[in-house]
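What follows is the content of input30.txt, which has compact mmCIF, C-alpha atoms:
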```txt
# COMPACT_ATOMS: atom_id res chain seq x y z
CA MET J 1226 -4.26 -2.64 -8.52
CA SER J 1227 -5.89 -5.72 -9.87
CA ASN J 1228 -7.16 -5.98 -13.41
CA ASP J 1229 -10.65 -6.23 -11.97
CA ASN J 1230 -10.64 -2.55 -11.14
CA LYS J 1231 -9.59 -1.58 -14.62
CA ASN J 1232 -12.54 -3.47 -16.07
CA LYS J 1233 -15.06 -1.97 -13.72
CA SER J 1234 -17.33 0.65 -15.19
CA ALA J 1235 -17.88 4.06 -13.65
CA PRO J 1236 -20.99 4.50 -11.53
CA THR J 1237 -23.93 6.16 -13.22
CA ASP J 1238 -25.11 9.57 -12.06
CA GLU J 1239 -28.16 7.93 -10.54
CA GLU J 1240 -25.95 5.52 -8.56
CA LEU J 1241 -23.87 8.44 -7.33
CA ILE J 1242 -26.81 10.46 -6.07
CA GLU J 1243 -28.18 7.34 -4.39
CA GLN J 1244 -24.89 6.89 -2.58
CA PHE J 1245 -24.88 10.55 -1.64
CA GLN J 1246 -28.37 10.11 -0.23
CA HIS J 1247 -26.69 7.54 2.03
CA GLU J 1248 -24.18 10.21 3.11
CA ASN J 1249 -21.27 9.13 0.93
CA LEU J 1250 -19.63 12.49 0.30
CA TYR J 1251 -17.25 11.12 -2.28
CA ALA J 1252 -20.29 10.49 -4.43
CA PHE J 1253 -21.19 14.17 -4.11
CA GLU J 1254 -17.67 15.13 -5.00
CA GLU J 1255 -17.84 12.97 -8.09
CA ILE J 1256 -21.11 14.61 -9.10
CA VAL J 1257 -19.45 18.03 -8.79
CA ARG J 1258 -16.53 16.86 -10.88
CA ARG J 1259 -18.78 15.52 -13.61
CA TYR J 1260 -21.16 18.42 -13.85
CA LYS J 1261 -19.38 21.64 -12.93
CA ASP J 1262 -17.98 22.37 -16.39
CA GLN J 1263 -21.06 21.55 -18.41
CA LEU J 1264 -23.30 23.47 -16.03
CA VAL J 1265 -21.01 26.50 -16.05
CA ASN J 1266 -21.03 26.38 -19.84
CA PHE J 1267 -24.83 26.20 -19.88
CA ALA J 1268 -25.28 28.97 -17.31
CA TYR J 1269 -22.77 31.16 -19.13
CA ARG J 1270 -24.65 30.81 -22.40
CA PHE J 1271 -27.82 31.71 -20.55
CA LEU J 1272 -26.50 34.67 -18.56
CA GLY J 1273 -23.57 35.84 -20.65
CA ASP J 1274 -21.42 36.39 -17.59
CA VAL J 1275 -18.93 33.83 -16.37
CA ASP J 1276 -18.84 34.95 -12.72
CA GLU J 1277 -22.60 34.88 -12.44
CA ALA J 1278 -22.59 31.52 -14.19
CA GLU J 1279 -20.19 30.07 -11.60
CA ASP J 1280 -22.23 31.52 -8.79
CA ILE J 1281 -25.40 29.94 -10.16
CA VAL J 1282 -23.68 26.57 -10.54
CA GLN J 1283 -22.32 26.68 -6.99
CA GLU J 1284 -25.81 27.43 -5.77
CA THR J 1285 -26.98 24.45 -7.82
CA PHE J 1286 -24.59 22.13 -6.00
CA LEU J 1287 -25.61 23.60 -2.65
CA ARG J 1288 -29.20 22.78 -3.49
CA VAL J 1289 -28.25 19.27 -4.53
CA TYR J 1290 -26.48 18.95 -1.18
CA ARG J 1291 -29.43 20.31 0.78
CA LYS J 1292 -32.19 18.60 -1.17
CA LYS J 1293 -30.51 15.34 -2.04
CA LYS J 1294 -33.43 13.38 -0.65
CA ALA J 1295 -35.77 15.20 -3.02
CA TYR J 1296 -34.31 13.39 -6.00
CA ARG J 1297 -36.32 10.34 -6.98
CA ASN J 1298 -34.96 7.86 -9.44
CA VAL J 1299 -37.82 8.34 -11.88
CA ALA J 1300 -36.04 10.94 -13.96
CA LYS J 1301 -32.46 11.15 -15.11
CA PHE J 1302 -30.18 12.90 -12.67
CA SER J 1303 -28.90 15.17 -15.46
CA THR J 1304 -32.45 16.35 -16.08
CA TRP J 1305 -32.87 17.16 -12.40
CA ILE J 1306 -29.65 19.11 -12.05
CA TYR J 1307 -30.12 21.01 -15.33
CA THR J 1308 -33.59 21.98 -14.17
CA ILE J 1309 -32.14 23.42 -10.97
CA THR J 1310 -29.48 25.40 -12.84
CA GLY J 1311 -31.98 26.54 -15.47
CA ASN J 1312 -34.43 27.78 -12.87
CA LEU J 1313 -31.72 29.63 -10.99
CA ALA J 1314 -30.47 31.21 -14.20
CA LYS J 1315 -33.99 32.30 -15.15
CA THR J 1316 -34.51 33.79 -11.72
CA GLU J 1317 -31.26 35.71 -12.11
CA LEU J 1318 -32.33 37.01 -15.51
CA ARG J 1319 -35.64 38.23 -14.07
CA ARG J 1320 -33.83 39.86 -11.19
CA ARG J 1321 -31.65 41.66 -13.69
CA LYS J 1322 -34.67 42.85 -15.60
CA ARG J 1323 -36.30 44.12 -12.46
CA ARG J 1324 -33.22 46.09 -11.60
CA LYS J 1325 -33.07 47.34 -15.14
CA LEU J 1326 -29.48 46.24 -15.36
CA LEU J 1327 -30.12 44.94 -18.79
CA SER J 1328 -30.38 47.82 -21.16
CA LEU J 1329 -31.97 46.81 -24.43
CA SER J 1330 -30.10 49.52 -26.22
CA SER J 1331 -26.80 48.13 -25.07
CA LEU J 1332 -27.69 44.73 -26.47
CA GLY J 1333 -29.50 45.85 -29.59
CA PHE J 1334 -28.06 45.69 -32.98
CA GLU J 1335 -29.21 49.05 -34.25
CA ASP J 1336 -26.01 50.87 -33.50
CA LYS J 1337 -23.65 48.01 -33.91
CA ASP J 1338 -21.19 47.75 -36.65
CA PHE J 1339 -20.04 44.29 -37.39
CA GLU J 1340 -16.36 44.86 -37.60
CA LEU J 1341 -15.89 41.92 -35.26
CA ARG J 1342 -16.23 39.63 -38.20
CA ASP J 1343 -13.02 37.68 -38.28
CA ASP J 1344 -12.75 36.47 -41.80
CA LYS J 1345 -12.29 38.24 -45.07
CA LYS J 1346 -13.61 35.49 -47.23
CA GLY J 1347 -15.89 36.11 -50.15
CA PRO J 1348 -19.38 34.62 -50.41
CA GLU J 1349 -18.04 31.74 -52.44
CA GLU J 1350 -16.04 30.60 -49.41
CA SER J 1351 -19.04 30.67 -47.10
CA VAL J 1352 -19.15 26.91 -46.57
CA ASP J 1353 -16.34 27.05 -44.05
CA GLU J 1354 -17.22 30.33 -42.38
CA ILE J 1355 -18.83 30.84 -39.02
CA ILE J 1356 -20.27 33.87 -37.31
CA LYS J 1357 -17.98 35.34 -34.69
CA GLU J 1358 -18.76 34.39 -31.11
CA GLU J 1359 -19.44 37.90 -29.87
CA ILE J 1360 -22.09 38.49 -32.50
CA ILE J 1361 -23.81 35.16 -31.86
CA LYS J 1362 -23.62 35.78 -28.11
CA ARG J 1363 -25.34 39.16 -28.43
CA ALA J 1364 -28.05 37.66 -30.59
CA ILE J 1365 -28.68 34.86 -28.08
CA ASP J 1366 -28.73 37.32 -25.19
CA SER J 1367 -31.36 39.39 -26.90
CA LEU J 1368 -33.72 36.45 -27.47
CA PRO J 1369 -36.81 36.21 -25.29
CA GLU J 1370 -36.10 33.90 -22.37
CA LYS J 1371 -38.30 31.02 -23.48
CA PHE J 1372 -36.62 30.87 -26.90
CA LYS J 1373 -33.15 31.41 -25.55
CA GLU J 1374 -33.52 28.48 -23.20
CA VAL J 1375 -34.52 25.93 -25.83
CA ILE J 1376 -32.02 27.20 -28.40
CA ILE J 1377 -29.19 26.78 -25.88
CA PHE J 1378 -30.33 23.29 -24.99
CA ARG J 1379 -30.92 22.17 -28.54
CA ASP J 1380 -28.42 24.02 -30.71
CA ILE J 1381 -25.52 24.55 -28.30
CA LEU J 1382 -25.71 21.72 -25.81
CA GLU J 1383 -27.33 19.42 -28.37
CA LEU J 1384 -29.76 17.79 -25.94
CA SER J 1385 -32.59 15.69 -27.32
CA TYR J 1386 -36.09 17.13 -27.55
CA GLU J 1387 -37.19 14.61 -24.92
CA GLU J 1388 -34.52 15.77 -22.48
CA ILE J 1389 -35.42 19.41 -23.07
CA SER J 1390 -39.06 18.61 -22.50
CA SER J 1391 -38.21 17.02 -19.12
CA ILE J 1392 -35.92 19.86 -18.05
CA VAL J 1393 -38.13 22.74 -19.11
CA LYS J 1394 -41.28 20.85 -18.12
CA ILE J 1395 -43.26 21.59 -21.23
CA PRO J 1396 -44.77 19.09 -23.69
CA LEU J 1397 -42.58 17.67 -26.43
CA GLY J 1398 -44.64 19.31 -29.19
CA THR J 1399 -44.26 22.70 -27.52
CA VAL J 1400 -40.49 22.23 -27.29
CA LYS J 1401 -40.32 21.47 -31.01
CA SER J 1402 -42.39 24.44 -32.05
CA ARG J 1403 -40.48 26.69 -29.64
CA VAL J 1404 -37.14 25.57 -31.07
CA ASN J 1405 -38.46 26.18 -34.57
CA ARG J 1406 -39.66 29.66 -33.71
CA GLY J 1407 -36.49 30.33 -31.75
CA ARG J 1408 -34.43 29.63 -34.84
CA PHE J 1409 -36.45 32.12 -36.83
CA LYS J 1410 -36.12 34.65 -34.03
CA LEU J 1411 -32.37 34.16 -33.89
CA GLN J 1412 -32.08 34.68 -37.62
CA GLU J 1413 -34.12 37.86 -37.26
CA LYS J 1414 -31.74 39.08 -34.58
CA LEU J 1415 -28.85 38.42 -36.93
CA ALA J 1416 -30.63 39.93 -39.93
CA GLU J 1417 -28.56 43.07 -40.00
CA TYR J 1418 -25.34 41.14 -39.80
CA LEU J 1419 -26.49 38.69 -42.43
CA SER J 1420 -27.74 41.51 -44.59
CA ALA J 1421 -24.37 43.24 -44.39
CA GLU J 1422 -22.93 40.01 -45.66
CA GLY J 1423 -25.47 39.81 -48.46
CA ARG J 1424 -27.22 36.97 -46.68
CA SER J 1425 -30.48 38.57 -45.62
CA ALA J 1426 -33.50 36.36 -46.07
CA SER J 1427 -36.09 39.04 -46.50
CA GLY J 1428 -39.64 37.84 -46.46
CA ARG J 1429 -39.13 35.63 -43.42
CA LYS J 1430 -40.15 38.28 -40.94
CA GLU J 1431 -43.70 37.06 -40.98
CA ILE J 1432 -42.62 34.51 -38.37
CA LYS J 1433 -43.72 36.23 -35.24
CA GLU J 1434 -43.90 35.08 -31.68
CA MET O 48 -47.45 21.96 -53.30
CA ILE O 49 -45.45 23.41 -50.46
CA ASN O 50 -45.57 27.16 -49.86
CA CYS O 51 -43.40 29.45 -47.68
CA GLY O 52 -45.78 29.05 -44.73
CA ASP O 53 -45.43 25.24 -44.85
CA PHE O 54 -41.68 25.63 -45.08
CA SER O 55 -41.65 27.87 -42.02
CA GLU O 56 -43.87 25.54 -40.02
CA HIS O 57 -41.86 22.41 -40.77
CA PHE O 58 -38.46 24.01 -41.11
CA SER O 59 -36.83 22.41 -38.06
CA ASP O 60 -38.14 18.94 -38.88
CA TYR O 61 -36.74 19.32 -42.38
CA PHE O 62 -33.50 20.85 -41.11
CA GLU O 63 -32.92 17.97 -38.70
CA GLY O 64 -33.95 15.27 -41.14
CA MET O 65 -37.09 14.36 -39.27
CA VAL O 66 -39.53 14.40 -42.19
CA SER O 67 -40.50 11.58 -44.50
CA GLU O 68 -38.60 11.15 -47.76
CA GLU O 69 -41.66 12.22 -49.65
CA TYR O 70 -42.11 15.43 -47.69
CA LYS O 71 -38.41 16.12 -47.85
CA LYS O 72 -38.58 16.06 -51.64
CA LEU O 73 -41.49 18.47 -51.63
CA ILE O 74 -39.68 20.93 -49.36
CA SER O 75 -36.47 20.61 -51.35
CA ALA O 76 -38.41 21.39 -54.50
CA HIS O 77 -39.88 24.49 -52.87
CA VAL O 78 -36.48 25.63 -51.63
CA ALA O 79 -35.03 25.20 -55.09
CA ALA O 80 -37.74 27.46 -56.48
CA CYS O 81 -37.90 30.05 -53.68
CA PRO O 82 -34.84 32.28 -53.23
CA SER O 83 -36.12 33.59 -49.89
CA CYS O 84 -36.48 30.13 -48.34
CA ALA O 85 -33.20 29.04 -49.91
CA LYS O 86 -31.46 32.00 -48.32
CA PHE O 87 -33.09 31.28 -45.00
CA LEU O 88 -31.93 27.67 -45.13
CA ALA O 89 -28.36 28.68 -45.97
CA ASN O 90 -28.35 31.16 -43.08
CA ALA O 91 -29.76 28.56 -40.74
CA ARG O 92 -26.89 26.25 -41.62
CA LEU O 93 -24.39 29.01 -40.96
CA ILE O 94 -25.99 29.89 -37.60
CA SER O 95 -26.25 26.26 -36.56
CA LYS O 96 -22.60 25.68 -37.35
CA SER O 97 -21.62 28.84 -35.50
CA LEU O 98 -23.58 27.78 -32.42
CA LYS O 99 -21.96 24.38 -32.39
CA ASN O 100 -18.55 25.99 -32.71
CA LEU O 101 -18.95 28.26 -29.70
CA PRO O 102 -16.08 27.63 -27.30
CA LYS O 103 -16.87 25.60 -24.20
CA ILE O 104 -16.63 27.55 -20.96
CA PHE O 105 -15.12 25.69 -18.02
CA ALA O 106 -15.34 26.25 -14.28
CA SER O 107 -12.46 28.35 -13.00
CA GLU O 108 -9.64 26.99 -10.86
CA ASN O 109 -11.19 28.64 -7.82
CA PHE O 110 -14.51 26.93 -8.31
CA ASP O 111 -13.83 23.99 -5.97
CA LYS O 112 -12.36 26.21 -3.28
CA ALA O 113 -15.32 28.59 -3.36
CA LEU O 114 -17.75 25.68 -3.30
CA ARG O 115 -15.98 24.14 -0.29
CA ARG O 116 -16.37 27.44 1.57
CA ARG O 117 -20.07 27.58 0.84
CA LEU O 118 -20.51 23.95 1.80
CA ALA O 119 -18.62 24.51 5.04
CA LYS O 120 -21.03 27.33 5.88
CA GLU O 121 -23.94 25.09 5.00
CA ALA O 122 -22.58 22.33 7.23
CA ALA O 123 -22.07 24.80 10.09
CA LYS O 124 -25.68 25.91 9.72
CA GLU O 125 -26.78 22.27 9.90
CA ARG O 126 -24.77 21.77 13.07
CA ALA O 127 -26.34 24.84 14.66
CA VAL O 128 -29.81 23.53 13.83
CA GLY O 129 -28.90 20.13 15.28
CA LEU O 130 -27.72 21.64 18.57
CA GLU O 131 -30.79 23.85 18.76
CA ARG O 132 -32.95 20.77 18.33
CA MET O 133 -31.08 19.03 21.14
CA LEU O 134 -31.59 21.97 23.46
CA ASN O 135 -35.27 22.06 22.63
CA THR O 136 -35.51 18.38 23.51
CA LEU O 137 -33.89 19.08 26.85
CA ARG O 138 -36.18 22.03 27.52
CA ALA O 139 -39.23 19.90 26.81
CA LEU O 140 -38.29 17.28 29.42
CA PRO O 141 -40.01 17.01 32.83
CA VAL O 142 -38.00 18.49 35.68
CA LYS O 143 -36.94 15.43 37.71
CA PRO O 144 -35.22 13.35 35.00
CA MET O 145 -33.90 16.56 33.61
CA VAL O 146 -32.00 17.19 36.84
CA ALA O 147 -30.45 13.75 36.52
CA THR O 148 -29.49 14.10 32.90
CA PHE O 149 -29.05 17.76 32.25
CA ALA O 150 -25.53 17.99 33.55
CA ALA O 151 -24.32 15.13 31.37
CA ALA O 152 -26.11 16.40 28.27
CA ALA O 153 -24.95 19.97 28.79
CA ALA O 154 -21.39 18.78 29.20
CA ILE O 155 -21.62 16.82 25.96
CA ALA O 156 -23.21 19.73 24.13
CA LEU O 157 -20.54 22.09 25.40
CA ALA O 158 -17.84 19.69 24.32
CA ALA O 159 -19.52 19.45 20.92
CA VAL O 160 -19.49 23.21 20.48
CA VAL O 161 -15.84 23.48 21.47
CA ILE O 162 -14.71 20.59 19.29
CA ASP O 163 -16.99 21.78 16.49
CA SER O 164 -15.38 25.21 16.48
CA TYR O 165 -12.04 23.51 16.28
CA ILE O 166 -13.24 21.45 13.35
CA ILE O 167 -14.62 24.50 11.51
CA ASN O 168 -11.37 26.37 12.00
CA THR O 169 -9.28 23.46 10.89
CA GLY O 170 -11.56 22.99 7.88
CA GLU O 171 -11.17 26.63 6.86
CA GLU O 172 -7.41 26.28 7.04
CA LYS O 173 -7.58 23.31 4.77
CA VAL O 174 -9.72 25.30 2.37
CA SER O 175 -7.01 27.93 2.20
CA TYR O 176 -4.07 25.67 1.64
CA THR O 177 -5.35 22.63 -0.17
CA PRO O 178 -4.14 22.86 -3.77
CA ARG O 179 -6.59 22.19 -6.57
CA ILE O 180 -6.39 18.52 -7.37
CA LYS O 181 -6.86 17.46 -10.90
CA PRO O 182 -9.57 14.81 -10.95
CA PRO O 183 -8.56 11.34 -12.04
CA PRO O 184 -9.69 9.77 -15.30
CA LEU O 185 -12.57 7.34 -15.08
CA PRO O 186 -13.08 4.47 -14.79
CA GLY O 187 -10.66 2.22 -13.04
CA SER O 188 -8.30 4.94 -11.93
CA ASN O 189 -6.51 4.77 -8.64
CA ARG O 190 -8.45 7.39 -6.73
CA SER O 191 -6.47 6.92 -3.57
CA ALA O 192 -3.55 8.65 -5.24
CA PHE O 193 -5.71 11.78 -5.68
CA TYR O 194 -7.51 11.57 -2.37
CA PRO O 195 -4.81 10.91 0.19
CA GLN O 196 -7.22 11.51 3.06
CA SER O 197 -9.51 8.77 1.90
CA SER O 198 -9.97 5.44 3.59
CA LEU O 199 -10.06 3.57 0.32
CA THR O 200 -7.96 0.68 1.47
CA THR O 201 -9.89 0.09 4.67
CA ASN O 202 -13.44 1.04 3.84
CA PRO O 203 -14.22 0.94 0.16
CA MET O 204 -17.72 1.57 -1.08
CA GLN O 205 -18.61 -0.25 -4.26
CA ILE O 206 -20.84 1.61 -6.66
CA GLY O 207 -21.49 -0.15 -9.92
CA GLY O 208 -18.19 -1.90 -9.43
CA PHE O 209 -16.39 1.42 -8.94
CA ASN O 210 -14.52 2.15 -5.74
CA LEU O 211 -15.73 5.17 -3.84
CA PRO O 212 -14.39 5.65 -0.34
CA ASP O 213 -17.08 6.00 2.26
CA SER O 214 -18.15 9.27 3.82
CA SER O 215 -15.28 11.76 4.13
CA SER O 216 -14.18 13.80 1.15
CA ARG O 217 -12.07 16.82 0.32
CA PHE O 218 -15.22 18.95 0.33
CA PHE O 219 -15.83 17.82 3.92
CA PRO O 220 -12.45 16.77 5.26
CA ASN O 221 -13.68 16.42 8.84
CA ARG O 222 -17.12 15.16 8.20
CA THR O 223 -16.44 11.66 9.56
CA VAL O 224 -15.25 12.97 12.90
CA GLU O 225 -18.09 15.41 13.01
CA SER O 226 -20.73 12.80 12.19
CA THR O 227 -19.33 10.45 14.78
CA LEU O 228 -19.43 13.17 17.39
CA GLN O 229 -23.01 14.11 16.61
CA GLU O 230 -24.03 10.48 16.60
CA THR O 231 -22.38 10.02 20.00
CA ILE O 232 -24.24 12.98 21.44
CA LEU O 233 -27.56 11.87 20.03
CA GLN O 234 -27.04 8.29 21.26
CA SER O 235 -26.14 9.59 24.68
CA LEU O 236 -29.32 11.61 24.79
CA ARG O 237 -31.37 8.65 23.60
CA ASP O 238 -29.85 6.47 26.34
CA GLN O 239 -30.51 9.11 28.93
CA PHE O 240 -34.11 9.69 28.04
CA GLN O 241 -35.16 6.16 27.09
CA PRO O 242 -36.53 5.02 30.47
CA VAL O 243 -38.38 8.28 31.19
CA LYS O 244 -42.16 8.16 30.84
CA LYS O 245 -43.89 11.49 30.87
CA ASN O 246 -47.16 10.26 32.42
CA LYS O 247 -45.38 9.16 35.56
CA TYR O 248 -44.73 12.75 36.56
```
With the file now loaded, output its structure as structure tokens.
Amino acid sequence: MSNDNKNKSAPTDEELIEQFQHENLYAFEEIVRRYKDQLVNFAYRFLGDVDEAEDIVQETFLRVYRKKKAYRNVAKFSTWIYTITGNLAKTELRRRKRRKLLSLSSLGFEDKDFELRDDKKGPEESVDEIIKEEIIKRAIDSLPEKFKEVIIFRDILELSYEEISSIVKIPLGTVKSRVNRGRFKLQEKLAEYLSAEGRSASGRKEIKE
Amino acid sequence: MINCGDFSEHFSDYFEGMVSEEYKKLISAHVAACPSCAKFLANARLISKSLKNLPKIFASENFDKALRRRLAKEAAKERAVGLERMLNTLRALPVKPMVATFAAAAAIALAAVVIDSYIINTGEEKVSYTPRIKPPPLPGSNRSAFYPQSSLTTNPMQIGGFNLPDSSSRFFPNRTVESTLQETILQSLRDQFQPVKKNKY
């Protein structure tokens, strides 16, 4: 291999989808390789089930395959593909609700003890502590869909507000206020846990949807 | 003066350092004086850190294999639609040229179906036995080592200076053959029907 190849930069996502639009299937393969993990991670955080998450992501790639010509190079490819996955995940959540598969009582915190807490540190050691995954996951799952979505994008995937605005297709100001309210909601959901740890911030419950 | 309502409204801007220095000082002063808001801020830091520390979930080892299966079905559906379209074209033709061309077109279509079935079967076998290939690092990696079926050395496609072999891939191992076949059939039909003018009959 010549040194030239080593110095060459990787194609951008937009270049890849353009090549795939010209039937280069290696470009599609490269898109799959780049996005499958991050999309599965996103879908999992949204749905809370890894098998469903994989299924949603495979459906995403099928749609990219079928609708490749629908992509126009006016938006980032990542925005486009996250929108597809997000919409599929939301549809799945609604389907679940319709089938009443999601029992609020099974996700609520009323009857939960918080023995899952993994550390035995005192309050003075709180700087280094984190909340155990299972507890955070339950709290995220119980958030209303519109807050869950932006909290995942902003606080887990760390996307910019502009990217979230493009993906969710709502104005930037609405994204910001929704993230803000979502953070209050999330803290409400964790109130019992935080209270058990002597961390309750009573008086903040006036923040309503 | 900042009150709890102001704090709530501008919390995220403050939390993410997106307020002016002046406003930041005002909020900080409020937080210092308000135990409730101070507690909320401390909790928010804990939650934020916990969210960022959530483990990343990766696609399973079977992901590629399952996707190939679904893509193969999708491709088969496309082929069926293509053949249906061809038959519709034939059906729409006037009788006389149809007599002259139908036999040839039908033979080609039949051959396509037979060879297509062979391709689908072969593809499925490859799905079953192809081991999961770890993708190469980017950029500048030697992809041909990971994609032995590729035609990298003979037909490279340059994208942003990066070599991507043209057309066939491990998701569609027989796509080149298949595309060529379909193109041949379509060209044959075009050649057959080119001189025919409907208004003559």
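Here atom CA of J:Tyr1307 is placed at a distance of 20.8 Å from atom CA of J:Tyr1251.
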**Request:** Compute the distance from (-43.5, 27.0, -32.7) to each atom, counting only C-alpha atoms, keep the residues with any atom at most 10 Å away, and return them as a ChimeraX atom specification; use the coordinates of the file.
**Result:** /J:1372,1398-1409,1432-1434 /O:55-57,59
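Distance annotation: of O:Leu118, O:Glu68, O:Ala79, O:Tyr61, the residue with the minimal separation from chain J is O:Leu118; atom set is only C-alpha atoms.
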**Complete:** From the list O:Arg115, O:Arg138, O:Lys72, O:Lys103, the nearest residue to chain J using all atoms listed in the file is O:Lys103
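Here atom CA of J:Ile1392 is placed at a distance of 9.6 Å from atom CA of J:Asn1312.
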**Request:** Please provide the set of residues having any atom within 8 Å of stretch 1262-1277 of chain J, restricted to all atoms listed in the file, with same-chain residues fewer than 4 positions apart removed, written as a list in words.
**Result:** Arg1258, Ile1281, Val1282, Tyr1307, Thr1310, Gly1311, Ala1314, Leu1318, Lys1362, Asp1366, Lys1373, Glu1374, Ile1377 and Leu1382 of chain J; Lys103, Ile104, Phe105 and Ala106 of chain O
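You can rank J:Asn1298, J:Ser1391, J:Gln1244, J:Asn1249 by their closest distance to chain O using only C-alpha atoms, and at the top of that list sits J:Asn1249.
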**Asked** Rounded to one decimal in Å, what is the spacing between atom CA of J:Val1375 and atom CA of J:Glu1243?
**Response** 29.1 Å
Since fewer atoms than expected are present, regenerate N, CA and C atoms for stretch 92-111 of chain O and write them as a CSV table (one decimal), in the frame of the given file.
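Final file, rebuild-v4.csv:
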```csv
chain,number,residue,atom,x,y,z
O,92,ARG,N,-28.1,27.2,-41.7
O,92,ARG,CA,-26.9,26.2,-41.6
O,92,ARG,C,-25.7,27.0,-41.0
O,93,LEU,N,-25.5,28.2,-41.5
O,93,LEU,CA,-24.4,29.0,-41.0
O,93,LEU,C,-24.5,29.2,-39.4
O,94,ILE,N,-25.8,29.6,-39.0
O,94,ILE,CA,-26.0,29.9,-37.6
O,94,ILE,C,-25.8,28.6,-36.8
O,95,SER,N,-26.4,27.5,-37.3
O,95,SER,CA,-26.2,26.3,-36.6
O,95,SER,C,-24.8,25.9,-36.4
O,96,LYS,N,-24.0,26.0,-37.4
O,96,LYS,CA,-22.6,25.7,-37.4
O,96,LYS,C,-21.9,26.6,-36.4
O,97,SER,N,-22.3,27.9,-36.4
O,97,SER,CA,-21.6,28.8,-35.5
O,97,SER,C,-21.9,28.5,-34.0
O,98,LEU,N,-23.2,28.1,-33.8
O,98,LEU,CA,-23.6,27.8,-32.4
O,98,LEU,C,-22.8,26.6,-31.9
O,99,LYS,N,-22.7,25.6,-32.8
O,99,LYS,CA,-22.0,24.4,-32.4
O,99,LYS,C,-20.5,24.6,-32.2
O,100,ASN,N,-20.0,25.7,-32.8
O,100,ASN,CA,-18.6,26.0,-32.7
O,100,ASN,C,-18.2,26.9,-31.6
O,101,LEU,N,-19.2,27.4,-30.8
O,101,LEU,CA,-19.0,28.3,-29.7
O,101,LEU,C,-18.0,27.6,-28.7
O,102,PRO,N,-17.0,28.3,-28.2
O,102,PRO,CA,-16.1,27.6,-27.3
O,102,PRO,C,-16.8,27.2,-26.0
O,103,LYS,N,-16.3,26.1,-25.5
O,103,LYS,CA,-16.9,25.6,-24.2
O,103,LYS,C,-16.3,26.4,-23.1
O,104,ILE,N,-17.1,26.8,-22.1
O,104,ILE,CA,-16.6,27.6,-21.0
O,104,ILE,C,-16.5,26.6,-19.8
O,105,PHE,N,-15.4,26.6,-19.1
O,105,PHE,CA,-15.1,25.7,-18.0
O,105,PHE,C,-15.1,26.4,-16.7
O,106,ALA,N,-15.4,25.7,-15.6
O,106,ALA,CA,-15.3,26.2,-14.3
O,106,ALA,C,-13.9,26.7,-14.0
O,107,SER,N,-13.8,27.8,-13.3
O,107,SER,CA,-12.5,28.4,-13.0
O,107,SER,C,-11.7,27.5,-12.0
O,108,GLU,N,-10.4,27.8,-11.8
O,108,GLU,CA,-9.6,27.0,-10.9
O,108,GLU,C,-10.1,27.2,-9.4
O,109,ASN,N,-10.7,28.3,-9.2
O,109,ASN,CA,-11.2,28.6,-7.8
O,109,ASN,C,-12.5,28.0,-7.5
O,110,PHE,N,-13.1,27.4,-8.5
O,110,PHE,CA,-14.5,26.9,-8.3
O,110,PHE,C,-14.6,26.0,-7.1
O,111,ASP,N,-13.7,25.0,-7.1
O,111,ASP,CA,-13.8,24.0,-6.0
O,111,ASP,C,-13.6,24.6,-4.6
```
